[in-house]
Amino acid sequence: MPTSTASFVPDSIDATQWSELQPLFRSLLDRDVTSAGDLERWLEDRSDLDATCSEGAAGLYIAMTCNTDKPECADAYTKYVENVQPELTRISFELNKKQAELSEQFGIGDAGFRNGRYVVLTRDIKAEVDLFRDENVPIQTELDKLGQEYQAIVGRMSVEFDGKERTIPQMAVYYESTDRAVREQAWREVAQRRAQDVEPINTIFDKQIKLRDSFSRNAGFKDYIDYTFVAKHRFDYTPDHCKAFHDACEKHVVPFMRDLEKERKQLLGIDTLRPWDLAVDVKGRAPLKPFTDGADLVAKTRAVFDAFSPDLGAMFRELGDNGVVSSRHLESLLDLDSRKGKGPGGYQYMQDKSGKPFIFMNAAGTQRDVHTMVHEAGHAFHSQYCRDEPLVAYRHAPIEFCEVASMSMELLTMPYWKGGDRYFTDETDYMRAKRQQIEGSVTMLPWIATIDAFQHWIYAHPNHTQQERSAYWLTLHKRFGSSADWSGFEQLHETNWQRQSHLFNVPMYYIEYGIAQLGALGLWIKSLEEGERFALDAYARAMRLGGSRPLPQLFEAAGLPFDFGPDIVGRLVDRVRAELSKLPA
């Protein structure tokens, strides 16, 4: 395959300025392409430009989420969303049209051309061409700004507790307190703080639903659900498969989860399980303290990956030390500690031009933070494995498989969590953490089903009222939710969906976690049955493919079935029960 000898994009370019990008896009549009070889070189040059644009946007987004309280970061991101992104969307459509026409002309999307090298790319580009509508460009700009507004609201949330102002993520430590009064008070303080912003967040979501419905109808779809399945390139499964996953969770996972909660209530010696009783240790042991702060988390995670796999250890070391992002010119590839003015959640963002992954999270010293750290490291490894792929589109796999990369690390690294320089030195603490991880890998599935089913209902009924939305959410809770008693917190209960940031910033994105978690559990079980080396080799082999193969083939490369129905869910739950029986409570 032809390979460009030099970068098409100058290193000095400022990819946040449309005036600097526009001539390069225009040159691609105007270039004569007279052969399949010419087209392949054109694709690599376009990939170089797309990677540059992606990294420009990444820097602004990272700075904004790390500093939601700094006007200069928010303003820079907003300016980009309003002035640059719409231009990129429009001219990318023109490039997509040219690419689709040339691909058909020279047959590079055929399965017989270079062993199907461009099959996935051609399929995806055709979908993008079919979906584009110019009238949707300003709608997307408005949606992005509303998502930024949600981030800012959540980033401002904090409470005064235990003599200090604390962020919402930092309060998670108190939910594990062995003093029930302390954890109840902590939970109540957070509930009261969240309640202050219920209406503003509801208003944001109402606006987003209407805009997304208009967006999908403009593109010729009856609703946002059908639009999403094409837009997210979900060519290998349908909404009916999602409903089968919901049914599988209801049949196999919810009983498992509620059995665990029944046992929890008995071991805690309480008559009624409340929301603040779900994280505390059932034997009254102090909360796990796997690390102290972001710097300690980095050091211990390095030791874990060094012991687990020298290759992965070297990749993790590329990320450097924990830091604080002050501008889009990143001085660190890790920003881990929770603080006021920082956006919620965690993510890994690959900077496509430089090939450097960035990890963002809100660490507060809990075991859950360890899960997040190794999870996001898994995303980084996936990006690093395929960063030498010439086509930027193939450096990004379908989300359903990207999450296999991350969730697998949560499970496969468990044997290495204990050691003098790692998360645990005490055997009892290590066993507790291991049990917590295995249980959580399965009990998260009903929440995934809840969020996915919620979104299917929302976008099938875009004209619903807030009251109807709350009522349906409670219906889903009865089907999939915890058995904990929310009495006295009815308003917060019916709006508990507001804490799920995906609903606001990446709509109709959540079933991917369920599909991937089943894959990760399958890879972990293979490591138990066929050996750790087998699982690591399968992991590396599949991750190196990036997004260059259809989704079922990516699962196949890892030795996994592409199946998320009742049979596979039932078998995995049974195997997890068996593994948990080997561990102390």
# chains A, B, ... in the order shown; residues from 1 in each chain; ligands from 1
>>> select_by_dssp(residues="stretch 63-296 of chain A", states="helix (DSSP H, G or I)", output="PyMOL selection string")
chain A and resi 63-66+71-83+85-106+113-116+119-131+134-155+169-176+180-195+198-218+224-231+239-268+275-277+294-296
>>> select_by_dssp(residues="stretch 354-493 of chain A", states="strand (DSSP E or B)", output="MDAnalysis selection string")
chainID A and resid 356:363 418 424
>>> write_last_selection(atoms="N, CA and C atoms", output="mmCIF file, in the first residue's frame")
data_model
loop_
_atom_site.group_PDB
_atom_site.id
_atom_site.type_symbol
_atom_site.label_atom_id
_atom_site.label_comp_id
_atom_site.auth_asym_id
_atom_site.auth_seq_id
_atom_site.Cartn_x
_atom_site.Cartn_y
_atom_site.Cartn_z
ATOM 1 N N LYS A 356 -0.470 10.372 21.535
ATOM 2 C CA LYS A 356 -0.353 10.350 22.992
ATOM 3 C C LYS A 356 -1.744 10.308 23.630
ATOM 4 N N PRO A 357 -1.999 9.298 24.454
ATOM 5 C CA PRO A 357 -3.296 9.229 25.142
ATOM 6 C C PRO A 357 -3.300 10.089 26.404
ATOM 7 N N PHE A 358 -4.460 10.672 26.711
ATOM 8 C CA PHE A 358 -4.629 11.464 27.933
ATOM 9 C C PHE A 358 -5.701 10.800 28.782
ATOM 10 N N ILE A 359 -5.454 10.696 30.103
ATOM 11 C CA ILE A 359 -6.419 10.098 31.016
ATOM 12 C C ILE A 359 -6.887 11.133 32.035
ATOM 13 N N PHE A 360 -8.194 11.246 32.150
ATOM 14 C CA PHE A 360 -8.876 12.174 33.066
ATOM 15 C C PHE A 360 -9.723 11.345 34.016
ATOM 16 N N MET A 361 -9.662 11.647 35.304
ATOM 17 C CA MET A 361 -10.569 11.014 36.256
ATOM 18 C C MET A 361 -10.671 11.869 37.516
ATOM 19 N N ASN A 362 -11.535 11.440 38.430
ATOM 20 C CA ASN A 362 -11.768 12.174 39.673
ATOM 21 C C ASN A 362 -11.468 11.272 40.866
ATOM 22 N N ALA A 363 -10.217 10.972 41.071
ATOM 23 C CA ALA A 363 -9.811 10.048 42.124
ATOM 24 C C ALA A 363 -10.006 10.660 43.503
ATOM 25 N N LYS A 418 -1.756 -7.185 44.599
ATOM 26 C CA LYS A 418 -1.107 -7.325 45.901
ATOM 27 C C LYS A 418 0.412 -7.369 45.745
ATOM 28 N N PHE A 424 -2.220 -3.272 47.449
ATOM 29 C CA PHE A 424 -2.484 -3.926 48.729
ATOM 30 C C PHE A 424 -1.275 -4.741 49.190
#
>>> closest_residue(among="A:Gln170, A:Ser441, A:Thr450, A:Ser483", to="A:Gln517", atoms="only C-alpha atoms")
A:Ser441
>>> residues_around(residues="A:His382", least_positions_apart="4", cutoff="10 Å", atoms="only C-alpha atoms", output="ChimeraX atom specification")
/A:350,357,376-378,386-387,395-397,401-406,539-540,542-546
>>> residues_around(residues="A:Thr413", least_positions_apart="6", cutoff="12 Å", atoms="only C-alpha atoms", output="PyMOL selection string")
chain A and resi 301-309+312-313+370-371+373-375+377-378+406-407+422-423+433-434+437-438+524+527+532+535-536
>>> closest_residue(among="A:Thr167, A:Thr122, A:Gln491, A:Ser103", to="A:Trp473", atoms="only C-alpha atoms")
A:Gln491
>>> atom_distance(atom1="atom CA of A:Ala111", atom2="atom CA of A:Trp42")
20.0 Å
>>> residues_around(residues="A:Thr228", least_positions_apart="4", cutoff="8 Å", atoms="only C-alpha atoms", output="VMD selection string")
chain A and resid 224 232 508
>>> write_last_selection(atoms="N, CA, C and O atoms", output="compact mmCIF listing (two decimals), in the first residue's frame")
# COMPACT_ATOMS: atom_id res chain seq x y z
N TYR A 224 -34.85 9.23 16.82
CA TYR A 224 -33.41 9.31 17.09
C TYR A 224 -32.79 7.93 17.27
O TYR A 224 -31.58 7.76 17.10
N LYS A 232 -23.92 5.57 14.60
CA LYS A 232 -22.91 4.90 15.41
C LYS A 232 -22.38 3.63 14.73
O LYS A 232 -21.66 2.85 15.34
N MET A 508 -27.60 7.82 23.53
CA MET A 508 -27.78 6.47 23.00
C MET A 508 -26.48 5.66 23.06
O MET A 508 -26.31 4.69 22.33
>>> closest_residue(among="A:Tyr80, A:Trp417, A:Tyr118, A:Tyr227", to="A:Phe106", atoms="only C-alpha atoms")
A:Tyr118
>>> residues_around(residues="A:Ala279", least_positions_apart="4", cutoff="9 Å", atoms="only C-alpha atoms", output="number ranges by chain")
A: 172, 175-177, 275
>>> residues_around(residues="stretch 178-194 of chain A", least_positions_apart="6", cutoff="8 Å", atoms="only C-alpha atoms", output="PyMOL selection string")
chain A and resi 157-159+161+168+171+276-277+280-281+284-287+492
